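Raw contents of model.txt, compact mmCIF, C-alpha atoms and all ligand atoms:
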```txt
# COMPACT_ATOMS: atom_id res chain seq x y z
CA MET A 1 25.82 -52.23 130.82
CA PRO A 2 28.91 -51.42 132.99
CA ALA A 3 28.11 -51.01 136.72
CA SER A 4 29.04 -47.29 136.79
CA THR A 5 26.79 -46.55 133.77
CA LEU A 6 23.96 -48.54 135.36
CA ALA A 7 24.37 -46.61 138.63
CA ARG A 8 24.10 -43.28 136.77
CA PHE A 9 21.15 -44.52 134.71
CA GLN A 10 19.33 -45.56 137.90
CA ARG A 11 19.77 -42.07 139.39
CA ILE A 12 17.94 -40.45 136.47
CA THR A 13 14.23 -39.92 137.10
CA PRO A 14 11.41 -39.64 134.54
CA GLN A 15 10.66 -36.15 135.96
CA GLN A 16 14.21 -35.00 135.15
CA LEU A 17 13.94 -36.33 131.59
CA ARG A 18 10.54 -34.66 131.10
CA ALA A 19 11.89 -31.35 132.42
CA PHE A 20 14.93 -31.65 130.16
CA GLU A 21 12.93 -32.63 127.05
CA ALA A 22 10.49 -29.72 127.46
CA THR A 23 13.27 -27.20 128.17
CA ALA A 24 15.37 -28.41 125.23
CA ARG A 25 12.39 -28.25 122.88
CA LEU A 26 11.04 -24.88 124.07
CA LEU A 27 14.45 -23.38 124.97
CA SER A 28 12.85 -21.82 128.01
CA VAL A 29 12.66 -23.00 131.62
CA THR A 30 9.56 -20.82 132.18
CA LYS A 31 7.70 -22.32 129.24
CA ALA A 32 8.77 -25.86 130.20
CA ALA A 33 7.45 -25.29 133.74
CA GLN A 34 4.15 -23.97 132.35
CA GLU A 35 3.76 -26.94 130.02
CA LEU A 36 4.52 -29.44 132.80
CA TYR A 37 2.32 -27.65 135.40
CA VAL A 38 5.20 -27.33 137.89
CA SER A 39 7.05 -24.31 139.24
CA GLN A 40 10.09 -22.84 137.51
CA PRO A 41 12.43 -23.69 140.47
CA THR A 42 11.26 -27.34 140.25
CA VAL A 43 12.37 -27.52 136.60
CA SER A 44 15.67 -25.80 137.45
CA VAL A 45 16.38 -28.32 140.24
CA GLN A 46 15.63 -31.25 137.94
CA LEU A 47 17.92 -29.86 135.26
CA ARG A 48 20.70 -29.31 137.83
CA GLU A 49 20.34 -32.88 139.11
CA LEU A 50 20.46 -34.26 135.57
CA ALA A 51 23.56 -32.18 134.79
CA ALA A 52 25.21 -33.49 137.99
CA THR A 53 24.40 -37.12 137.11
CA THR A 54 25.74 -36.80 133.57
CA GLY A 55 28.69 -34.68 134.73
CA GLN A 56 28.00 -32.30 131.84
CA ARG A 57 26.68 -28.80 131.34
CA LEU A 58 23.53 -29.26 129.31
CA PHE A 59 22.55 -25.63 128.59
CA GLU A 60 24.43 -22.38 128.14
CA THR A 61 23.14 -18.85 128.28
CA THR A 62 23.66 -16.20 125.63
CA GLY A 63 22.10 -12.92 126.73
CA ARG A 64 18.59 -13.80 127.89
CA GLN A 65 18.43 -16.91 125.68
CA ILE A 66 19.39 -20.44 126.61
CA ARG A 67 20.68 -23.00 124.17
CA LEU A 68 21.85 -26.60 124.31
CA THR A 69 25.53 -27.36 124.71
CA GLN A 70 26.99 -30.13 122.56
CA ALA A 71 26.44 -32.59 125.44
CA GLY A 72 22.88 -31.23 125.78
CA GLU A 73 22.25 -31.85 122.06
CA GLU A 74 23.40 -35.46 122.49
CA LEU A 75 21.17 -35.97 125.51
CA TYR A 76 18.21 -34.43 123.65
CA LYS A 77 18.81 -36.91 120.81
CA ALA A 78 18.99 -39.81 123.30
CA VAL A 79 15.72 -38.69 124.94
CA ARG A 80 14.02 -38.51 121.53
CA ASP A 81 15.34 -42.01 120.72
CA VAL A 82 13.86 -43.32 123.98
CA ALA A 83 10.50 -41.69 123.12
CA ALA A 84 10.55 -43.18 119.60
CA CYS A 85 11.48 -46.58 121.05
CA TRP A 86 8.54 -46.35 123.47
CA GLN A 87 6.21 -45.41 120.63
CA ARG A 88 7.35 -48.46 118.62
CA PHE A 89 6.81 -50.65 121.69
CA GLU A 90 3.25 -49.33 122.12
CA SER A 91 2.41 -49.80 118.47
CA ARG A 92 3.89 -53.34 118.57
CA ILE A 93 1.69 -54.17 121.57
CA ALA A 94 -1.34 -52.71 119.80
CA GLU A 95 -0.47 -54.86 116.78
CA ILE A 96 -0.17 -58.00 118.94
CA ASN A 97 -3.64 -57.14 120.22
CA GLY A 98 -4.88 -56.89 116.64
CA LEU A 99 -4.90 -53.09 116.36
CA VAL A 100 -2.63 -50.89 114.29
CA SER A 101 -2.18 -47.56 115.97
CA GLY A 102 0.37 -44.83 116.43
CA ARG A 103 1.58 -42.06 114.22
CA LEU A 104 2.58 -42.41 110.57
CA ARG A 105 4.83 -39.57 109.47
CA ILE A 106 5.27 -39.22 105.73
CA ALA A 107 7.22 -36.58 103.84
CA ALA A 108 6.42 -36.21 100.15
CA VAL A 109 7.96 -34.03 97.47
CA THR A 110 5.69 -31.32 96.11
CA THR A 111 4.78 -33.15 92.91
CA ALA A 112 3.60 -36.12 94.97
CA GLU A 113 0.87 -33.95 96.48
CA TYR A 114 -1.17 -34.77 93.37
CA PHE A 115 -1.53 -38.41 94.43
CA VAL A 116 -0.30 -39.10 97.98
CA PRO A 117 -3.64 -38.03 99.52
CA ASP A 118 -5.35 -40.58 97.20
CA LEU A 119 -3.09 -43.29 98.58
CA LEU A 120 -3.60 -42.21 102.17
CA GLY A 121 -7.40 -41.91 102.02
CA PRO A 122 -8.32 -45.64 101.89
CA PHE A 123 -5.47 -46.52 104.26
CA ALA A 124 -6.66 -43.97 106.84
CA ALA A 125 -10.25 -45.22 106.53
CA ALA A 126 -9.12 -48.81 107.15
CA HIS A 127 -6.80 -47.89 110.07
CA GLN A 128 -8.64 -45.37 112.16
CA GLY A 129 -6.21 -45.75 115.07
CA VAL A 130 -3.35 -44.39 112.96
CA GLU A 131 -2.73 -40.67 113.10
CA ILE A 132 -1.19 -39.55 109.80
CA GLU A 133 1.11 -36.55 109.44
CA LEU A 134 1.95 -35.59 105.86
CA ALA A 135 4.61 -32.98 105.13
CA ILE A 136 4.96 -31.66 101.56
CA GLU A 137 8.37 -30.17 100.74
CA ASN A 138 10.73 -30.03 97.77
CA ARG A 139 13.36 -32.75 97.25
CA ASP A 140 16.17 -31.01 99.15
CA ARG A 141 14.00 -30.51 102.21
CA VAL A 142 12.65 -34.08 102.11
CA VAL A 143 16.27 -35.33 101.93
CA GLY A 144 17.09 -33.08 104.92
CA ARG A 145 14.22 -34.66 106.88
CA LEU A 146 15.52 -38.15 105.96
CA HIS A 147 18.95 -37.19 107.32
CA GLN A 148 17.37 -36.04 110.56
CA GLY A 149 15.22 -39.19 110.83
CA ILE A 150 12.03 -37.13 111.19
CA ASP A 151 9.70 -39.28 109.09
CA ASP A 152 8.80 -42.95 108.87
CA LEU A 153 8.58 -42.84 105.08
CA ALA A 154 9.35 -40.44 102.25
CA VAL A 155 7.82 -40.35 98.78
CA MET A 156 10.09 -39.01 96.07
CA MET A 157 11.39 -39.52 92.57
CA MET A 158 15.16 -39.31 93.13
CA PRO A 159 16.21 -40.75 96.51
CA PRO A 160 19.67 -39.64 97.72
CA ASP A 161 22.66 -42.00 97.43
CA ASP A 162 24.37 -40.94 100.65
CA LEU A 163 21.93 -42.56 103.09
CA PRO A 164 21.25 -46.24 103.85
CA LEU A 165 17.74 -46.52 102.39
CA GLU A 166 15.24 -49.25 101.57
CA ARG A 167 12.83 -48.47 98.78
CA ILE A 168 9.79 -49.67 96.93
CA GLN A 169 9.29 -48.28 93.47
CA PHE A 170 5.82 -47.76 92.12
CA GLN A 171 4.10 -45.70 89.40
CA ILE A 172 6.03 -43.99 86.62
CA ASN A 173 6.34 -40.22 86.81
CA PRO A 174 6.57 -38.81 83.26
CA LEU A 175 8.17 -35.36 83.09
CA VAL A 176 6.85 -33.47 80.09
CA ILE A 177 7.54 -30.11 78.46
CA ILE A 178 4.57 -27.81 78.86
CA ALA A 179 3.87 -24.65 76.90
CA SER A 180 1.03 -22.21 76.45
CA SER A 181 -1.71 -23.77 74.29
CA LYS A 182 -0.98 -20.90 71.86
CA HIS A 183 2.70 -21.84 71.38
CA ALA A 184 3.53 -22.02 67.65
CA LEU A 185 4.96 -25.57 67.94
CA ILE A 186 2.35 -27.02 70.30
CA ASP A 187 0.87 -29.47 67.76
CA LYS A 188 4.11 -30.40 66.00
CA LYS A 189 6.49 -33.31 66.60
CA ILE A 190 9.79 -31.53 67.21
CA GLU A 191 13.42 -31.92 68.35
CA LEU A 192 14.60 -30.37 71.64
CA SER A 193 17.07 -28.18 69.70
CA GLU A 194 14.06 -26.36 68.18
CA LEU A 195 13.36 -24.99 71.67
CA SER A 196 16.79 -23.44 72.22
CA ASN A 197 15.50 -19.91 71.61
CA ASP A 198 12.50 -20.32 73.91
CA ARG A 199 12.44 -18.82 77.39
CA TRP A 200 12.59 -21.65 79.95
CA LEU A 201 11.07 -21.52 83.41
CA MET A 202 12.56 -23.81 86.05
CA ARG A 203 11.53 -24.98 89.49
CA GLU A 204 13.70 -23.59 92.30
CA PRO A 205 17.17 -25.05 93.08
CA GLY A 206 16.61 -28.02 95.42
CA SER A 207 13.64 -29.32 93.41
CA GLY A 208 13.82 -32.90 92.14
CA THR A 209 11.96 -31.90 88.97
CA ARG A 210 14.66 -29.36 88.24
CA MET A 211 17.43 -31.87 89.01
CA ALA A 212 15.89 -34.51 86.68
CA ALA A 213 15.42 -31.93 83.90
CA GLU A 214 19.00 -30.64 84.24
CA GLN A 215 20.44 -34.19 84.17
CA HIS A 216 18.41 -35.01 81.06
CA PHE A 217 19.43 -31.77 79.28
CA ASP A 218 23.09 -32.48 80.14
CA GLU A 219 22.83 -36.00 78.71
CA LEU A 220 21.37 -34.57 75.51
CA GLY A 221 23.92 -31.73 75.38
CA PHE A 222 21.12 -29.14 75.44
CA LYS A 223 21.48 -25.72 77.09
CA PRO A 224 18.09 -24.19 77.87
CA ASN A 225 17.74 -20.42 78.02
CA VAL A 226 16.55 -20.27 81.64
CA VAL A 227 14.94 -16.93 82.44
CA MET A 228 13.15 -17.59 85.70
CA SER A 229 13.00 -19.96 88.71
CA LEU A 230 9.67 -20.48 90.44
CA GLY A 231 9.04 -22.17 93.78
CA SER A 232 6.03 -24.34 93.02
CA ASN A 233 4.40 -26.42 90.29
CA GLU A 234 1.31 -24.22 90.38
CA ALA A 235 3.38 -21.06 89.88
CA ILE A 236 5.09 -22.70 86.88
CA LYS A 237 1.73 -23.68 85.37
CA HIS A 238 0.32 -20.16 85.68
CA ALA A 239 3.48 -18.54 84.31
CA VAL A 240 3.56 -20.94 81.34
CA ALA A 241 -0.16 -20.39 80.61
CA ALA A 242 0.51 -16.63 80.72
CA GLY A 243 3.09 -17.12 77.94
CA LEU A 244 6.15 -16.31 80.07
CA GLY A 245 7.99 -19.39 78.85
CA ILE A 246 8.05 -23.19 78.68
CA ALA A 247 8.95 -25.68 81.40
CA VAL A 248 9.58 -29.29 82.37
CA LEU A 249 6.97 -30.52 84.82
CA SER A 250 5.52 -33.80 86.02
CA GLN A 251 2.57 -34.72 83.83
CA LEU A 252 0.63 -35.38 87.03
CA ALA A 253 0.89 -31.70 87.93
CA VAL A 254 -0.99 -30.75 84.77
CA GLN A 255 -3.21 -33.83 84.37
CA PRO A 256 -3.84 -35.15 87.90
CA ALA A 257 -6.62 -37.44 86.65
CA LEU A 258 -3.95 -39.60 85.00
CA TRP A 259 -3.29 -41.21 88.36
CA PRO A 260 -3.29 -44.22 88.36
CA GLY A 261 -2.45 -44.61 84.68
CA ARG A 262 -0.48 -46.80 82.35
CA TYR A 263 2.48 -45.42 80.50
CA THR A 264 4.62 -46.93 77.80
CA THR A 265 7.88 -45.66 76.41
CA GLY A 266 8.31 -45.12 72.69
CA ALA A 267 7.05 -42.33 70.48
CA GLY A 268 5.50 -40.31 73.24
CA THR A 269 3.37 -41.22 76.21
CA GLN A 270 0.38 -43.46 76.02
CA HIS A 271 -2.03 -44.11 78.79
CA ASN A 272 -5.23 -45.98 79.33
CA GLY A 273 -6.46 -43.84 82.19
CA PRO A 274 -8.85 -40.91 81.87
CA SER A 275 -7.03 -38.41 79.68
CA ASP A 276 -8.09 -35.11 81.29
CA THR A 277 -7.01 -33.14 78.19
CA SER A 278 -9.88 -30.68 78.68
CA VAL A 279 -8.42 -29.68 82.06
CA LEU A 280 -5.13 -28.95 80.34
CA LEU A 281 -6.78 -26.84 77.64
CA GLN A 282 -8.94 -24.96 80.13
CA ALA A 283 -5.76 -24.04 81.98
CA GLY A 284 -4.37 -22.61 78.71
CA LEU A 285 -1.64 -25.27 78.60
CA GLY A 286 -0.42 -27.93 76.20
CA ILE A 287 2.10 -30.77 76.33
CA MET A 288 4.75 -30.45 73.64
CA GLN A 289 5.64 -33.51 71.54
CA VAL A 290 9.41 -33.41 71.80
CA ASN A 291 11.77 -36.23 70.83
CA ASN A 292 13.42 -37.82 73.93
CA PHE A 293 10.49 -36.72 76.07
CA PRO A 294 8.82 -37.43 78.43
CA ILE A 295 11.59 -38.18 80.91
CA LEU A 296 10.37 -41.38 82.55
CA ARG A 297 11.23 -41.60 86.24
CA ARG A 298 9.61 -43.75 88.90
CA TRP A 299 8.13 -42.80 92.19
CA SER A 300 9.74 -44.44 95.21
CA VAL A 301 8.73 -44.71 98.80
CA VAL A 302 11.89 -44.87 100.90
CA TRP A 303 12.82 -45.35 104.54
CA ARG A 304 16.01 -45.59 106.54
CA LYS A 305 17.54 -49.05 106.87
CA ASP A 306 19.11 -48.09 110.18
CA SER A 307 15.85 -47.29 111.95
CA PRO A 308 13.19 -49.96 112.56
CA LEU A 309 9.84 -49.33 110.91
CA SER A 310 6.81 -48.67 113.08
CA ALA A 311 3.83 -51.04 112.78
CA ALA A 312 1.82 -48.26 111.08
CA ALA A 313 4.56 -47.74 108.48
CA ARG A 314 4.84 -51.49 107.81
CA HIS A 315 1.09 -51.73 107.32
CA PHE A 316 1.16 -48.74 104.96
CA LEU A 317 3.89 -50.38 102.85
CA ASP A 318 1.91 -53.66 102.70
CA TYR A 319 -1.14 -51.69 101.63
CA LEU A 320 0.86 -49.79 99.00
CA GLN A 321 2.28 -53.00 97.52
CA ALA A 322 -1.12 -54.69 97.48
CA SER A 323 -2.73 -51.69 95.76
CA GLN A 324 0.04 -51.61 93.12
CA SER A 325 -0.36 -55.28 92.24
CA GLU A 326 -4.06 -54.87 91.48
CA PRO A 327 -4.85 -54.66 87.77
CA LYS A 328 -5.13 -51.02 86.69
CA VAL A 329 -8.00 -49.68 84.66
P1 LIG B 401 10.13 -31.61 93.57
O1 LIG B 401 9.63 -33.10 93.38
O2 LIG B 401 10.43 -31.08 92.22
O3 LIG B 401 8.95 -30.97 94.22
O4 LIG B 401 11.35 -31.60 94.47
C1 LIG B 401 10.17 -34.03 92.54
C2 LIG B 401 11.01 -35.07 93.27
O5 LIG B 401 12.03 -34.75 93.90
O6 LIG B 401 10.66 -36.26 93.25
```

Can you present the structure in this file as structure tokens?
Ligand code: PGA
Amino acid sequence: MPASTLARFQRITPQQLRAFEATARLLSVTKAAQELYVSQPTVSVQLRELAATTGQRLFETTGRQIRLTQAGEELYKAVRDVAACWQRFESRIAEINGLVSGRLRIAAVTTAEYFVPDLLGPFAAAHQGVEIELAIENRDRVVGRLHQGIDDLAVMMMPPDDLPLERIQFQINPLVIIASSKHALIDKKIELSELSNDRWLMREPGSGTRMAAEQHFDELGFKPNVVMSLGSNEAIKHAVAAGLGIAVLSQLAVQPALWPGRYTTGAGTQHNGPSDTSVLLQAGLGIMQVNNFPILRRWSVVWRKDSPLSAAARHFLDYLQASQSEPKV
């Protein structure tokens, strides 16, 4: 570190960084002071000293609101990096002492909500010192979180290409065409072209399910008559059961008991897991037997190559790989 940088670094106090972090997060000096149990002038002095040391304005005022300047944004990022680095250090020490602790942040796409809790349950029971935070969002939002480096790991079907990612692939995610159990073609083996007059329901733009379905339709040169977009798998299921149209959905969303299952390609999907067909029928739904379906995609757990994994995340990946190599029933 150059001497001038070191001199500036040595002038910065932990109190100044705490005052800055709280103010940047809450965008209020009053709230930061309340959170830190100090007076408002104390926070203001610390912020002024920090601005003087960095030689930068860190906040600007618009009306009665404050917001970070560009330099302030950069400092806020640096402070968060220091906090993350400290957290990794603590979890490394805990690991050296034989304990895995810390926070495990996972983002999962909405369809993964049908199995991620099953994966997390035994892991959480075996690692009681690990605090798990699970966020469920659609693909676009999970990709956004990966860009921002919010999570340790993300579970999704179609990881983005524009980020340096490591990945482990695991179970297959078959995407099937579902229809009302009363649909005239529900028990027939059919071609996709026979569904060109049907009304199609799609997940919202930004959904990975929608993206996979659109890619597959494009490859097959099929143009579905899309009449509605719905923002969740459950909404799609209810709308399809009500006869509003047909849709492409992960089979797990309609038959969650298939997890973990075995799937083979070929004339349709085969599995050796519990079939759960009664659940499907009770819901008023059926899976159509359409040539070139299901679309077989794999689930991946991904993480950023450019950010070191926490001990908790490494242990979760080891656990995931061990559980996948066990023979499935
Ligand atoms: P989504 O999930 O449709 O909820 O986005 C599928 C995926 O992206 O893997």

* To do: Within 9 Å of ligand LIG 401 (chain B), which residues show up when you count only C-alpha atoms and all ligand atoms? List them as a ChimeraX atom specification, please.
  => /A:108-113,136-142,155-159,173,203-212,231-233,249-250,297-300

* Closest to Lys237 (chain A) among A:Phe217, A:Asn197, A:Ala22, A:Leu285, using all atoms listed in the file? -> A:Leu285

* Option closest in space to Leu119 (chain A), from A:Phe170, A:Ala84, A:Lys189, A:Glu49 [counting only C-alpha atoms] ->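 Smallest distance to Leu119 (chain A) is found for A:Phe170.
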
May I have the residues within 10 Å of Leu220 (chain A) as a PDB file with C-alpha atoms, in the coordinates of the input, using only C-alpha atoms and disregarding those fewer than 6 positions away in the same chain?
```pdb
ATOM      1  CA  LEU A 192      14.600 -30.370  71.640  1.00  0.00           C
ATOM      2  CA  SER A 193      17.070 -28.180  69.700  1.00  0.00           C
ATOM      3  CA  GLU A 214      19.000 -30.640  84.240  1.00  0.00           C
ATOM      4  CA  ASN A 292      13.420 -37.820  73.930  1.00  0.00           C
TER       5      ASN A 292
END
```

* Atom pair CA of Leu175 (chain A) / CA of Val226 (chain A): separation (Å) -> 17.3 Å

* Atomic distance CA of Tyr76 (chain A) - CA of Pro41 (chain A), expressed in Å with one decimal ->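 Atom-to-atom, CA of Tyr76 (chain A) to CA of Pro41 (chain A), that is 20.8 Å.
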
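With all atoms listed in the file taken into account, the protein and nucleic acid residues at most 9 Å from Leu317 (chain A) (excluding it and anything under 4 positions from it in its own chain) are Ile168, Val301, Ala312, Ala313, Gln321 and Ala322 of chain A.
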
* Asked: What does the distance from CA of Glu191 (chain A) to CA of Val254 (chain A) come to in Å, to one decimal?
  -> 21.9 Å
